[in-house]
Amino acid sequence: MCGILALEWKNSGAASRGPVNENRVTQDMTITRNFRISGALLLGAVAATGIAVPASAQQYRQELRHSVTPCRGEGPAVWINVTDIEASSGTLRVQLYRGTRADWLESGRWLNRIEVPARAGSMQICMPVPSTGDYAIAIRHDVNGNGSTDIRTDGGGMSNNPSINIFNLGRPSIDRTRFSIGREVKPMTIRIRYM
């Protein structure tokens with residue numbers, strides 16, 4: 001925005017000056033460059049303070065590599081023991097949501113996502129959490145790894161292990177899946193269920 005203002009200022013005065021003066025052009029270029037640098041610094045400062053973009057919007061859709069490091073510290077993080085995985089094929093997709101009705105299981109409203117190759121039996125996943133508060137976790141076992149939900153073969157599970165059935169279409173309410181976390185590493189077991 002500041003760079004645009006500088007260019008408009010420079011162009012608006014050019015017609016009123018008359019013949020081109022080499023010193024005047026050099027001064028205009030220096031002033032324009034200084035405005036651009038100042039504008040860039042101002043925009044950088046605004047972005048760094050989070051004024052331009054709400055902090056909550058910046059945190060959605062973070063695809064993370066799995067690492068146990070956050071669970072070895074003080075948190076906040078969730079150390080998930082995923083059980084009852086039927087096959088060593090496809091991927092496990094673990095997604096962290098804010099513990100609100102507006103975000104829970106809504107497309108693109110997840111905070112963090114970790115995908116790992118599935119291994120039959122049990123697996124441990126460390127899910128970092130952005131800050132203390134209320135959250136919910138959903139896990140899907142994409143058995144054939146095609147990236148689509150196949151109701152007849154894929155499995156799923158959620159924090160607090162609510163019942164998942166045809167009546168709630170695999171979407172239990174946030175009230176049944178929400179958990180609170182402080183500055184801690186919270187242990188949790190999530191059981192994968194298949195139809």
# chains A, B, ... in the order shown; residues from 1 in each chain; ligands from 1

$ closest_atom_pairs --of "region 135-175 of chain A" --to "region 109-117 of chain A" --cutoff "12 Å" --atoms "only C-alpha atoms" --output "Markdown table"
| residue | atom | partner | partner_atom | distance |
| --- | --- | --- | --- | --- |
| A:Tyr135 | CA | A:Leu111 | CA | 9.6 |
| A:Ala136 | CA | A:Trp110 | CA | 9.6 |
| A:Ile137 | CA | A:Trp110 | CA | 9.2 |
| A:Ala138 | CA | A:Trp110 | CA | 9.5 |
| A:Ile139 | CA | A:Ile114 | CA | 9.6 |
| A:Arg140 | CA | A:Glu115 | CA | 9.6 |
| A:His141 | CA | A:Pro117 | CA | 9.4 |
| A:Asp142 | CA | A:Pro117 | CA | 9.6 |
| A:Val143 | CA | A:Pro117 | CA | 9.8 |
| A:Asn144 | CA | A:Pro117 | CA | 10.9 |
| A:Gly145 | CA | A:Pro117 | CA | 9.0 |
| A:Gly147 | CA | A:Glu115 | CA | 10.9 |

$ select_by_dssp --residues "region 74-191 of chain A" --states "alpha helix (DSSP H)" --output "PyMOL selection string"
chain A and resi 174-177

$ closest_residue --among "A:Val94, A:Pro128, A:Arg119, A:His66" --to "Lys186 (chain A)" --atoms "only C-alpha atoms"
A:Pro128

$ residues_around --residues "Pro187 (chain A)" --least-positions-apart "3" --cutoff "7 Å" --atoms "only C-alpha atoms" --output "PDB file with N, CA, C and O atoms, in the first residue's frame"
ATOM      1  N   VAL A  78      -0.601 -33.755  22.718  1.00  0.00           N
ATOM      2  CA  VAL A  78      -1.377 -34.945  23.072  1.00  0.00           C
ATOM      3  C   VAL A  78      -0.608 -36.164  22.576  1.00  0.00           C
ATOM      4  O   VAL A  78      -0.236 -36.241  21.404  1.00  0.00           O
ATOM      5  N   TRP A  79      -0.330 -37.089  23.484  1.00  0.00           N
ATOM      6  CA  TRP A  79       0.348 -38.347  23.157  1.00  0.00           C
ATOM      7  C   TRP A  79      -0.750 -39.382  22.951  1.00  0.00           C
ATOM      8  O   TRP A  79      -1.381 -39.837  23.899  1.00  0.00           O
ATOM      9  N   ILE A  80      -1.033 -39.705  21.685  1.00  0.00           N
ATOM     10  CA  ILE A  80      -2.174 -40.550  21.340  1.00  0.00           C
ATOM     11  C   ILE A  80      -1.729 -41.985  21.123  1.00  0.00           C
ATOM     12  O   ILE A  80      -0.833 -42.248  20.317  1.00  0.00           O
TER      13      ILE A  80
END

$ select_by_dssp --residues "region 67-98 of chain A" --states "strand (DSSP E or B)" --output "PyMOL selection string"
chain A and resi 77-85+91-98

$ atom_distance --atom1 "CA of Ala102 (chain A)" --atom2 "CA of Ala77 (chain A)"
22.2 Å

$ closest_residue --among "A:Glu184, A:Glu86, A:Glu106, A:Asp175" --to "Gly73 (chain A)" --atoms "only C-alpha atoms"
A:Glu184

$ residues_around --residues "Gly155 (chain A)" --least-positions-apart "4" --cutoff "12 Å" --atoms "only C-alpha atoms" --output "MDAnalysis selection string"
chainID A and resid 82:87 89:93 118 138:144 148:151 164:165 170 190:195

$ decode --residues "region 144-190 of chain A" --atoms "N, CA and C atoms" --output "compact mmCIF listing (two decimals), in the first residue's frame"
# COMPACT_ATOMS: atom_id res chain seq x y z
N ASN A 144 -6.97 -48.07 1.80
CA ASN A 144 -6.34 -48.24 0.48
C ASN A 144 -5.51 -47.02 0.06
N GLY A 145 -5.44 -46.01 0.91
CA GLY A 145 -4.58 -44.86 0.63
C GLY A 145 -5.00 -44.01 -0.55
N ASN A 146 -6.29 -44.04 -0.90
CA ASN A 146 -6.73 -43.28 -2.07
C ASN A 146 -7.13 -41.84 -1.76
N GLY A 147 -7.08 -41.45 -0.49
CA GLY A 147 -7.40 -40.07 -0.12
C GLY A 147 -8.89 -39.80 0.02
N SER A 148 -9.73 -40.79 -0.25
CA SER A 148 -11.18 -40.65 -0.13
C SER A 148 -11.69 -41.53 1.00
N THR A 149 -12.82 -41.12 1.57
CA THR A 149 -13.43 -41.92 2.62
C THR A 149 -14.26 -43.03 1.98
N ASP A 150 -13.88 -44.26 2.27
CA ASP A 150 -14.60 -45.43 1.79
C ASP A 150 -15.30 -46.04 3.00
N ILE A 151 -16.58 -45.77 3.13
CA ILE A 151 -17.34 -46.15 4.33
C ILE A 151 -17.22 -47.63 4.65
N ARG A 152 -17.19 -48.48 3.64
CA ARG A 152 -17.19 -49.93 3.90
C ARG A 152 -15.85 -50.47 4.37
N THR A 153 -14.75 -49.78 4.06
CA THR A 153 -13.44 -50.32 4.42
C THR A 153 -12.66 -49.45 5.39
N ASP A 154 -12.80 -48.14 5.31
CA ASP A 154 -12.01 -47.25 6.17
C ASP A 154 -12.51 -47.26 7.60
N GLY A 155 -11.59 -46.98 8.51
CA GLY A 155 -11.94 -46.91 9.93
C GLY A 155 -11.75 -45.50 10.45
N GLY A 156 -12.26 -45.28 11.64
CA GLY A 156 -12.12 -43.96 12.24
C GLY A 156 -12.25 -44.01 13.74
N GLY A 157 -11.78 -42.96 14.37
CA GLY A 157 -11.90 -42.83 15.81
C GLY A 157 -11.76 -41.36 16.19
N MET A 158 -12.20 -41.04 17.41
CA MET A 158 -12.19 -39.65 17.86
C MET A 158 -11.83 -39.58 19.34
N SER A 159 -11.40 -38.41 19.75
CA SER A 159 -11.09 -38.21 21.16
C SER A 159 -12.31 -38.56 22.01
N ASN A 160 -12.07 -39.13 23.16
CA ASN A 160 -13.08 -39.62 24.11
C ASN A 160 -13.83 -40.85 23.62
N ASN A 161 -13.47 -41.39 22.45
CA ASN A 161 -14.05 -42.62 21.92
C ASN A 161 -15.58 -42.67 21.96
N PRO A 162 -16.25 -41.67 21.37
CA PRO A 162 -17.72 -41.73 21.34
C PRO A 162 -18.17 -42.83 20.40
N SER A 163 -19.42 -43.27 20.54
CA SER A 163 -19.92 -44.28 19.61
C SER A 163 -20.09 -43.63 18.23
N ILE A 164 -19.68 -44.37 17.22
CA ILE A 164 -19.81 -43.92 15.84
C ILE A 164 -20.70 -44.93 15.15
N ASN A 165 -21.81 -44.46 14.61
CA ASN A 165 -22.75 -45.39 13.98
C ASN A 165 -23.50 -44.72 12.84
N ILE A 166 -24.37 -45.45 12.23
CA ILE A 166 -25.13 -44.96 11.09
C ILE A 166 -26.07 -43.82 11.49
N PHE A 167 -26.51 -43.81 12.77
CA PHE A 167 -27.48 -42.80 13.21
C PHE A 167 -26.86 -41.41 13.35
N ASN A 168 -25.59 -41.35 13.76
CA ASN A 168 -24.96 -40.02 13.84
C ASN A 168 -24.03 -39.79 12.65
N LEU A 169 -24.09 -40.67 11.66
CA LEU A 169 -23.30 -40.58 10.42
C LEU A 169 -21.81 -40.38 10.69
N GLY A 170 -21.35 -40.97 11.78
CA GLY A 170 -19.93 -40.86 12.11
C GLY A 170 -19.52 -39.47 12.55
N ARG A 171 -20.51 -38.65 12.94
CA ARG A 171 -20.23 -37.28 13.37
C ARG A 171 -20.80 -37.01 14.76
N PRO A 172 -20.21 -37.59 15.79
CA PRO A 172 -20.70 -37.28 17.13
C PRO A 172 -20.48 -35.81 17.43
N SER A 173 -21.26 -35.26 18.33
CA SER A 173 -21.17 -33.84 18.63
C SER A 173 -19.85 -33.49 19.30
N ILE A 174 -19.52 -32.22 19.25
CA ILE A 174 -18.29 -31.73 19.88
C ILE A 174 -18.35 -31.96 21.39
N ASP A 175 -19.55 -31.96 21.96
CA ASP A 175 -19.69 -32.18 23.40
C ASP A 175 -19.21 -33.57 23.82
N ARG A 176 -19.23 -34.51 22.89
CA ARG A 176 -18.80 -35.88 23.20
C ARG A 176 -17.32 -36.11 22.89
N THR A 177 -16.69 -35.20 22.16
CA THR A 177 -15.30 -35.41 21.73
C THR A 177 -14.32 -34.37 22.31
N ARG A 178 -14.84 -33.29 22.85
CA ARG A 178 -13.99 -32.19 23.34
C ARG A 178 -13.20 -32.60 24.58
N PHE A 179 -11.96 -32.09 24.66
CA PHE A 179 -11.14 -32.26 25.85
C PHE A 179 -10.40 -30.96 26.10
N SER A 180 -9.98 -30.74 27.33
CA SER A 180 -9.21 -29.55 27.69
C SER A 180 -7.77 -29.94 27.92
N ILE A 181 -6.88 -29.01 27.58
CA ILE A 181 -5.45 -29.27 27.79
C ILE A 181 -4.80 -27.99 28.31
N GLY A 182 -3.89 -28.18 29.26
CA GLY A 182 -3.10 -27.08 29.80
C GLY A 182 -1.68 -27.19 29.25
N ARG A 183 -0.72 -26.66 29.98
CA ARG A 183 0.69 -26.78 29.58
C ARG A 183 1.17 -28.15 30.03
N GLU A 184 0.81 -29.16 29.26
CA GLU A 184 1.10 -30.55 29.63
C GLU A 184 1.17 -31.40 28.38
N VAL A 185 1.64 -32.61 28.56
CA VAL A 185 1.53 -33.63 27.52
C VAL A 185 0.44 -34.57 28.01
N LYS A 186 -0.68 -34.54 27.31
CA LYS A 186 -1.87 -35.29 27.73
C LYS A 186 -1.90 -36.64 27.06
N PRO A 187 -1.90 -37.74 27.82
CA PRO A 187 -2.04 -39.06 27.21
C PRO A 187 -3.50 -39.33 26.84
N MET A 188 -3.69 -40.00 25.71
CA MET A 188 -5.04 -40.29 25.25
C MET A 188 -5.01 -41.57 24.42
N THR A 189 -6.03 -42.41 24.56
CA THR A 189 -6.18 -43.59 23.72
C THR A 189 -7.38 -43.39 22.82
N ILE A 190 -7.18 -43.62 21.53
CA ILE A 190 -8.28 -43.54 20.56
C ILE A 190 -8.35 -44.88 19.85
